[in-house]
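Novice: I have a structure I would like to understand better, so I am pasting it below and will then ask my questions one at a time.
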Amino acid sequence: MDSDIRRSRRADWLTDDLVPVRELARTFCEKELAPNLDRWRQQHHVDRELWTKAGEVGLLCLSIPEEYGGGGGSYAHDVVLLEEQTRVGDNAGNIAVHNVVAAHYLLAHGTQEQKTAWLPRMASGEVVAAIAMTEPGTGSDLRAVRTRAVRDGDEYVINGAKTFISNGALADLVIVVARTGAGTGGSENISLVLVEAERAGFRRGRVLDKIGQNAQDTSELAFEDVRVPVTNLLGTTEGQGFQQLMRQLPRERLTIAVTAAVAIETALEHTVRYTRSRSAFGRPVFDFQNTRFRLAEVATVARVVRTFVDDCVDRHLRGELDAPTAAMAKWWTTDRAMDAIDECLQLHGGYGYMTEYPIARLWADQRVQKIYGGTNEIMKEVISRVL
């Protein structure tokens, strides 16, 4: 589909230096991702070699400075890769968690030693990173985490359980949200602690059986008297974890909005193609007025969502994206995406319910975006606080 369906104008963030990045990302996604997606869905994780291949061509840690082994780019470089992944139907490698989330926690809050130790290996693909926030029974309530990191001399002893952890099965490094002080509630004694997967007492649970995103290694993790040195505290001061999380979550929520925008556009492309080629009652499905009107509605939603998301990306690159606006982008785009993709699935008829059709996988994969990164109900709470 022509690019003018996606954007009414060229966004400010789409600078000329992103053209070769997009070409590289598109080639990599078409060659290394698309042919393997069905197999990865069956095994519920990507091949570990995918990470080193991505590192070799320079697609990991694109927005991390070159001094730490990264690409030296901006968030716009991450967006370009994310767009190309989404268009081929990939969410398996969860490179966004590695590139956009985990790497930037280290960059923004880590000590010099931590950044030097981990970021170059994350950029090469030698190390896969995850962040472990959610616990059984806590959901989006980060103040309710029960995992504890108790100081014992020069070490922390970590005990607890995490669930719904993206990259959990393959991660070599996990950023763990834990309590490092007294008390069982509130945000004052929450810290982020780096845990290497090789540590004794670190256990990976099952890869979770989801209704969508089946190629992604979303896992349970357990920590049983896991000992790490106190230098594994992210930063230098205990009790800063909640503030660190709040400063980084807008980027994560914007990233979810980006994927929602591309998912709508991709669903529209698939559906226009399908309805033009599929006949019913002696003529193409596209020729029915109902079909054209529904597609016109989806195209309008796609344009409005894209315009909002592009504006948010521009704001983020200027350092002006605030938490409420990121929350608006996250909830509104993911709601619109689910509605739009459902309309597109309906226009596929019975074939839309068959998993070999991209629209079925898009529909199932999209549903969780209204939940992770903070549920859409939580997003509305964030927004309401500034009204």
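Chain identifiers are assigned as A, B, and so on, following the order in which chains appear in the structure tokens; residues are numbered from 1 within each chain, and ligands are numbered from 1 in order of appearance.
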How close does each residue of stretch 143-171 of chain A get to stretch 219-228 of chain A, giving the shortest atom pair and distance in Å to one decimal for every residue with an atom at most 6 Å away, counting only C-alpha atoms, sorted by chain and residue number, as a Markdown table?
Specialist:
```
| residue | atom | partner | partner_atom | distance |
| --- | --- | --- | --- | --- |
| A:Glu155 | CA | A:Val228 | CA | 5.4 |
| A:Tyr156 | CA | A:Val228 | CA | 5.4 |
| A:Val157 | CA | A:Arg227 | CA | 4.6 |
| A:Ile158 | CA | A:Val226 | CA | 4.9 |
| A:Asn159 | CA | A:Phe223 | CA | 4.8 |
| A:Gly160 | CA | A:Phe223 | CA | 5.2 |
| A:Ala161 | CA | A:Ala222 | CA | 4.5 |
| A:Lys162 | CA | A:Leu221 | CA | 5.1 |
| A:Thr163 | CA | A:Glu220 | CA | 4.3 |
| A:Phe164 | CA | A:Ser219 | CA | 5.6 |
| A:Ile165 | CA | A:Ser219 | CA | 5.1 |
| A:Gly168 | CA | A:Ser219 | CA | 5.0 |
| A:Ala169 | CA | A:Ser219 | CA | 6.0 |
```
Novice: Can you check which parts of stretch 146-223 of chain A lie within 6 Å of stretch 121-139 of chain A? Per residue, the shortest pair of atoms and distance in Å to one decimal, counting only C-alpha atoms, sorted by chain and number, as CSV.
Specialist:
```
residue,atom,partner,partner_atom,distance
A:Lys162,CA,A:Glu135,CA,4.3
A:Thr163,CA,A:Glu135,CA,5.3
A:Ile165,CA,A:Ala132,CA,5.8
A:Asn167,CA,A:Ala130,CA,5.6
A:Ala171,CA,A:Val128,CA,4.8
A:Asp172,CA,A:Val128,CA,5.3
A:Leu173,CA,A:Ala129,CA,4.8
A:Val174,CA,A:Ala130,CA,4.8
A:Ile175,CA,A:Ile131,CA,4.5
A:Val176,CA,A:Ala132,CA,4.9
A:Val177,CA,A:Met133,CA,5.4
```
Novice: Please produce a file of those selected residues containing N, CA, C and O atoms, as a PDB file, in the first residue's frame.
Specialist:
```pdb
ATOM      1  N   LYS A 162       8.592 -13.983  39.640  1.00  0.00           N
ATOM      2  CA  LYS A 162       8.123 -13.053  38.623  1.00  0.00           C
ATOM      3  C   LYS A 162       7.388 -13.847  37.545  1.00  0.00           C
ATOM      4  O   LYS A 162       7.657 -15.033  37.335  1.00  0.00           O
ATOM      5  N   THR A 163       6.491 -13.170  36.851  1.00  0.00           N
ATOM      6  CA  THR A 163       5.762 -13.839  35.776  1.00  0.00           C
ATOM      7  C   THR A 163       5.550 -12.866  34.615  1.00  0.00           C
ATOM      8  O   THR A 163       5.709 -11.659  34.761  1.00  0.00           O
ATOM      9  N   ILE A 165       7.402 -12.561  31.941  1.00  0.00           N
ATOM     10  CA  ILE A 165       8.667 -11.877  31.657  1.00  0.00           C
ATOM     11  C   ILE A 165       9.097 -12.133  30.216  1.00  0.00           C
ATOM     12  O   ILE A 165       9.469 -13.253  29.850  1.00  0.00           O
ATOM     13  N   ASN A 167      11.438 -12.271  27.044  1.00  0.00           N
ATOM     14  CA  ASN A 167      12.843 -12.704  26.931  1.00  0.00           C
ATOM     15  C   ASN A 167      13.259 -13.570  28.108  1.00  0.00           C
ATOM     16  O   ASN A 167      14.450 -13.862  28.277  1.00  0.00           O
ATOM     17  N   ALA A 171      17.065 -14.970  28.449  1.00  0.00           N
ATOM     18  CA  ALA A 171      17.815 -13.852  29.017  1.00  0.00           C
ATOM     19  C   ALA A 171      19.071 -14.304  29.753  1.00  0.00           C
ATOM     20  O   ALA A 171      19.058 -15.282  30.499  1.00  0.00           O
ATOM     21  N   ASP A 172      20.139 -13.552  29.535  1.00  0.00           N
ATOM     22  CA  ASP A 172      21.390 -13.748  30.273  1.00  0.00           C
ATOM     23  C   ASP A 172      21.496 -12.772  31.441  1.00  0.00           C
ATOM     24  O   ASP A 172      22.225 -13.017  32.394  1.00  0.00           O
ATOM     25  N   LEU A 173      20.771 -11.670  31.350  1.00  0.00           N
ATOM     26  CA  LEU A 173      20.782 -10.639  32.382  1.00  0.00           C
ATOM     27  C   LEU A 173      19.342 -10.197  32.618  1.00  0.00           C
ATOM     28  O   LEU A 173      18.620  -9.885  31.668  1.00  0.00           O
ATOM     29  N   VAL A 174      18.932 -10.173  33.876  1.00  0.00           N
ATOM     30  CA  VAL A 174      17.581  -9.755  34.232  1.00  0.00           C
ATOM     31  C   VAL A 174      17.670  -8.576  35.199  1.00  0.00           C
ATOM     32  O   VAL A 174      18.360  -8.647  36.217  1.00  0.00           O
ATOM     33  N   ILE A 175      16.976  -7.498  34.870  1.00  0.00           N
ATOM     34  CA  ILE A 175      16.847  -6.362  35.780  1.00  0.00           C
ATOM     35  C   ILE A 175      15.631  -6.646  36.647  1.00  0.00           C
ATOM     36  O   ILE A 175      14.500  -6.673  36.157  1.00  0.00           O
ATOM     37  N   VAL A 176      15.853  -6.876  37.933  1.00  0.00           N
ATOM     38  CA  VAL A 176      14.801  -7.349  38.830  1.00  0.00           C
ATOM     39  C   VAL A 176      14.299  -6.213  39.718  1.00  0.00           C
ATOM     40  O   VAL A 176      15.091  -5.518  40.363  1.00  0.00           O
ATOM     41  N   VAL A 177      12.990  -6.025  39.725  1.00  0.00           N
ATOM     42  CA  VAL A 177      12.361  -5.074  40.633  1.00  0.00           C
ATOM     43  C   VAL A 177      12.174  -5.777  41.978  1.00  0.00           C
ATOM     44  O   VAL A 177      11.490  -6.804  42.065  1.00  0.00           O
TER      45      VAL A 177
END
```
Novice: I'd like to know which residues of stretch 132-339 of chain A are alpha helix (DSSP H) (by DSSP, run on the backbone); could you write them as a ChimeraX atom specification?
Specialist: /A:241-277,289-317,323-339
Novice: Between atom CA of A:Val386 and atom CA of A:Met246, what is the distance in Å, rounded to a tenth?
Specialist: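 Atom CA of A:Val386 sits 15.5 Å away from atom CA of A:Met246.
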Novice: Fewer than 2 positions away in the same chain doesn't count, so skip those; otherwise give me all residues within 12 Å of A:Asp322, counting only C-alpha atoms, as a ChimeraX atom specification.
Specialist: /A:246-251,253-254,312-313,315-320,324-329,382-383,386
Novice: Selection from above, C-alpha atoms, as a CSV table (one decimal), in the first residue's frame, can you write it?
Specialist:
```csv
chain,number,residue,atom,x,y,z
A,246,MET,CA,8.6,6.0,36.3
A,247,ARG,CA,11.2,7.8,34.2
A,248,GLN,CA,11.6,4.9,31.8
A,249,LEU,CA,8.0,3.8,31.4
A,250,PRO,CA,6.9,6.6,29.0
A,251,ARG,CA,9.4,5.3,26.4
A,253,ARG,CA,4.5,3.0,26.5
A,254,LEU,CA,5.3,5.0,23.4
A,312,CYS,CA,4.7,11.7,20.3
A,313,VAL,CA,7.9,10.4,18.8
A,315,ARG,CA,8.1,15.1,21.4
A,316,HIS,CA,10.1,12.2,22.9
A,317,LEU,CA,13.1,13.0,20.7
A,318,ARG,CA,12.9,16.6,21.9
A,319,GLY,CA,12.7,15.5,25.5
A,320,GLU,CA,9.1,16.8,25.8
A,324,PRO,CA,0.3,11.5,30.8
A,325,THR,CA,0.7,11.9,27.0
A,326,ALA,CA,2.6,8.6,26.8
A,327,ALA,CA,-0.3,7.0,28.7
A,328,MET,CA,-2.8,8.6,26.3
A,329,ALA,CA,-0.9,7.2,23.4
A,382,VAL,CA,-2.2,8.3,35.1
A,383,ILE,CA,-4.0,10.8,32.9
A,386,VAL,CA,-3.3,15.8,35.9
```
Novice: DSSP on the backbone, strand (DSSP E) only: what residues of stretch 8-253 of chain A does that give? Format it as an mmCIF file with N, CA and C atoms, in the first residue's frame.
Specialist:
```cif
data_model
loop_
_atom_site.group_PDB
_atom_site.id
_atom_site.type_symbol
_atom_site.label_atom_id
_atom_site.label_comp_id
_atom_site.auth_asym_id
_atom_site.auth_seq_id
_atom_site.Cartn_x
_atom_site.Cartn_y
_atom_site.Cartn_z
ATOM 1 N N ALA A 129 18.896 -9.332 27.340
ATOM 2 C CA ALA A 129 18.442 -8.729 28.595
ATOM 3 C C ALA A 129 16.926 -8.760 28.707
ATOM 4 N N ALA A 130 16.466 -8.810 29.949
ATOM 5 C CA ALA A 130 15.038 -8.753 30.271
ATOM 6 C C ALA A 130 14.871 -7.881 31.498
ATOM 7 N N ILE A 131 13.639 -7.454 31.737
ATOM 8 C CA ILE A 131 13.327 -6.742 32.970
ATOM 9 C C ILE A 131 12.156 -7.449 33.631
ATOM 10 N N ALA A 132 12.296 -7.743 34.916
ATOM 11 C CA ALA A 132 11.309 -8.528 35.652
ATOM 12 C C ALA A 132 10.572 -7.625 36.632
ATOM 13 N N ARG A 148 12.193 -9.744 47.374
ATOM 14 C CA ARG A 148 13.058 -9.004 48.285
ATOM 15 C C ARG A 148 14.520 -9.257 47.962
ATOM 16 N N ALA A 149 15.305 -8.215 48.120
ATOM 17 C CA ALA A 149 16.760 -8.312 48.018
ATOM 18 C C ALA A 149 17.319 -7.808 49.344
ATOM 19 N N VAL A 150 17.654 -8.747 50.220
ATOM 20 C CA VAL A 150 18.090 -8.417 51.579
ATOM 21 C C VAL A 150 19.610 -8.365 51.621
ATOM 22 N N ARG A 151 20.140 -7.284 52.147
ATOM 23 C CA ARG A 151 21.590 -7.154 52.185
ATOM 24 C C ARG A 151 22.187 -8.044 53.261
ATOM 25 N N ASP A 152 23.244 -8.765 52.856
ATOM 26 C CA ASP A 152 23.999 -9.626 53.760
ATOM 27 C C ASP A 152 25.474 -9.359 53.496
ATOM 28 N N GLU A 155 26.678 -8.547 49.823
ATOM 29 C CA GLU A 155 25.804 -9.202 48.853
ATOM 30 C C GLU A 155 24.342 -8.891 49.152
ATOM 31 N N TYR A 156 23.523 -9.036 48.119
ATOM 32 C CA TYR A 156 22.076 -9.097 48.287
ATOM 33 C C TYR A 156 21.655 -10.549 48.137
ATOM 34 N N VAL A 157 20.703 -10.959 48.958
ATOM 35 C CA VAL A 157 20.107 -12.284 48.836
ATOM 36 C C VAL A 157 18.676 -12.072 48.350
ATOM 37 N N ILE A 158 18.389 -12.592 47.180
ATOM 38 C CA ILE A 158 17.121 -12.302 46.509
ATOM 39 C C ILE A 158 16.207 -13.517 46.572
ATOM 40 N N ASN A 159 14.962 -13.273 46.969
ATOM 41 C CA ASN A 159 13.938 -14.312 46.981
ATOM 42 C C ASN A 159 12.642 -13.725 46.424
ATOM 43 N N GLY A 160 11.988 -14.501 45.576
ATOM 44 C CA GLY A 160 10.719 -14.039 45.021
ATOM 45 C C GLY A 160 10.406 -14.735 43.720
ATOM 46 N N ALA A 161 9.321 -14.311 43.101
ATOM 47 C CA ALA A 161 8.866 -14.905 41.841
ATOM 48 C C ALA A 161 8.361 -13.809 40.920
ATOM 49 N N LYS A 162 8.592 -13.983 39.640
ATOM 50 C CA LYS A 162 8.123 -13.053 38.623
ATOM 51 C C LYS A 162 7.388 -13.847 37.545
ATOM 52 N N THR A 163 6.491 -13.170 36.851
ATOM 53 C CA THR A 163 5.762 -13.839 35.776
ATOM 54 C C THR A 163 5.550 -12.866 34.615
ATOM 55 N N PHE A 164 5.189 -13.425 33.462
ATOM 56 C CA PHE A 164 4.976 -12.660 32.227
ATOM 57 C C PHE A 164 6.240 -11.919 31.800
ATOM 58 N N ILE A 165 7.402 -12.561 31.941
ATOM 59 C CA ILE A 165 8.667 -11.877 31.657
ATOM 60 C C ILE A 165 9.097 -12.133 30.216
ATOM 61 N N LEU A 173 20.771 -11.670 31.350
ATOM 62 C CA LEU A 173 20.782 -10.639 32.382
ATOM 63 C C LEU A 173 19.342 -10.197 32.618
ATOM 64 N N VAL A 174 18.932 -10.173 33.876
ATOM 65 C CA VAL A 174 17.581 -9.755 34.232
ATOM 66 C C VAL A 174 17.670 -8.576 35.199
ATOM 67 N N ILE A 175 16.976 -7.498 34.870
ATOM 68 C CA ILE A 175 16.847 -6.362 35.780
ATOM 69 C C ILE A 175 15.631 -6.646 36.647
ATOM 70 N N VAL A 176 15.853 -6.876 37.933
ATOM 71 C CA VAL A 176 14.801 -7.349 38.830
ATOM 72 C C VAL A 176 14.299 -6.213 39.718
ATOM 73 N N VAL A 177 12.990 -6.025 39.725
ATOM 74 C CA VAL A 177 12.361 -5.074 40.633
ATOM 75 C C VAL A 177 12.174 -5.777 41.978
ATOM 76 N N ALA A 178 12.798 -5.249 43.020
ATOM 77 C CA ALA A 178 12.768 -5.915 44.327
ATOM 78 C C ALA A 178 12.770 -4.882 45.442
ATOM 79 N N ARG A 179 12.378 -5.338 46.627
ATOM 80 C CA ARG A 179 12.418 -4.490 47.817
ATOM 81 C C ARG A 179 13.769 -4.661 48.512
ATOM 82 N N ILE A 190 11.787 0.301 46.971
ATOM 83 C CA ILE A 190 11.932 -0.503 45.756
ATOM 84 C C ILE A 190 13.242 -0.139 45.066
ATOM 85 N N SER A 191 13.968 -1.155 44.651
ATOM 86 C CA SER A 191 15.226 -0.967 43.921
ATOM 87 C C SER A 191 15.247 -1.881 42.703
ATOM 88 N N LEU A 192 16.142 -1.590 41.789
ATOM 89 C CA LEU A 192 16.378 -2.458 40.641
ATOM 90 C C LEU A 192 17.739 -3.117 40.825
ATOM 91 N N VAL A 193 17.768 -4.425 40.674
ATOM 92 C CA VAL A 193 18.991 -5.192 40.910
ATOM 93 C C VAL A 193 19.283 -6.041 39.683
ATOM 94 N N LEU A 194 20.536 -6.043 39.244
ATOM 95 C CA LEU A 194 20.956 -6.842 38.097
ATOM 96 C C LEU A 194 21.246 -8.265 38.544
ATOM 97 N N VAL A 195 20.623 -9.218 37.880
ATOM 98 C CA VAL A 195 20.830 -10.625 38.208
ATOM 99 C C VAL A 195 21.259 -11.377 36.950
ATOM 100 N N GLU A 196 22.431 -11.970 37.017
ATOM 101 C CA GLU A 196 22.913 -12.801 35.919
ATOM 102 C C GLU A 196 22.225 -14.168 35.983
ATOM 103 N N PHE A 202 18.818 -19.054 40.702
ATOM 104 C CA PHE A 202 17.981 -18.466 39.666
ATOM 105 C C PHE A 202 17.342 -19.593 38.868
ATOM 106 N N ARG A 203 16.020 -19.578 38.750
ATOM 107 C CA ARG A 203 15.305 -20.650 38.059
ATOM 108 C C ARG A 203 14.355 -20.060 37.014
ATOM 109 N N ARG A 204 14.376 -20.670 35.862
ATOM 110 C CA ARG A 204 13.410 -20.321 34.825
ATOM 111 C C ARG A 204 12.236 -21.289 34.933
ATOM 112 N N GLY A 205 11.042 -20.764 34.974
ATOM 113 C CA GLY A 205 9.864 -21.613 34.943
ATOM 114 C C GLY A 205 9.459 -21.902 33.513
ATOM 115 N N ARG A 206 8.207 -22.262 33.342
ATOM 116 C CA ARG A 206 7.720 -22.621 32.018
ATOM 117 C C ARG A 206 7.607 -21.392 31.123
ATOM 118 N N VAL A 207 7.742 -21.620 29.824
ATOM 119 C CA VAL A 207 7.372 -20.609 28.849
ATOM 120 C C VAL A 207 5.852 -20.629 28.776
ATOM 121 N N SER A 219 8.048 -15.887 30.127
ATOM 122 C CA SER A 219 8.329 -16.951 31.096
ATOM 123 C C SER A 219 8.057 -16.532 32.537
ATOM 124 N N GLU A 220 8.007 -17.550 33.373
ATOM 125 C CA GLU A 220 8.040 -17.362 34.817
ATOM 126 C C GLU A 220 9.494 -17.452 35.276
ATOM 127 N N LEU A 221 9.839 -16.668 36.284
ATOM 128 C CA LEU A 221 11.183 -16.705 36.857
ATOM 129 C C LEU A 221 11.067 -16.837 38.373
ATOM 130 N N ALA A 222 12.014 -17.552 38.958
ATOM 131 C CA ALA A 222 12.039 -17.714 40.417
ATOM 132 C C ALA A 222 13.439 -17.415 40.938
ATOM 133 N N PHE A 223 13.487 -16.839 42.133
ATOM 134 C CA PHE A 223 14.744 -16.474 42.784
ATOM 135 C C PHE A 223 14.744 -17.099 44.179
ATOM 136 N N GLU A 224 15.637 -18.039 44.384
ATOM 137 C CA GLU A 224 15.694 -18.774 45.651
ATOM 138 C C GLU A 224 17.071 -18.575 46.278
ATOM 139 N N ASP A 225 17.154 -17.632 47.200
ATOM 140 C CA ASP A 225 18.430 -17.299 47.841
ATOM 141 C C ASP A 225 19.513 -16.995 46.807
ATOM 142 N N VAL A 226 19.150 -16.214 45.804
ATOM 143 C CA VAL A 226 20.119 -15.818 44.775
ATOM 144 C C VAL A 226 21.012 -14.724 45.354
ATOM 145 N N ARG A 227 22.304 -14.962 45.345
ATOM 146 C CA ARG A 227 23.255 -13.995 45.877
ATOM 147 C C ARG A 227 23.939 -13.240 44.743
ATOM 148 N N VAL A 228 23.880 -11.915 44.853
ATOM 149 C CA VAL A 228 24.595 -11.060 43.905
ATOM 150 C C VAL A 228 25.349 -10.006 44.707
ATOM 151 N N PRO A 229 26.456 -9.498 44.183
ATOM 152 C CA PRO A 229 27.185 -8.457 44.917
ATOM 153 C C PRO A 229 26.362 -7.172 44.986
#
```
Novice: I need the residue nearest A:Trp51 from this list: A:Tyr68, A:Phe28, A:Phe308, A:Phe293. Use only C-alpha atoms for the distance.
Specialist: A:Phe28
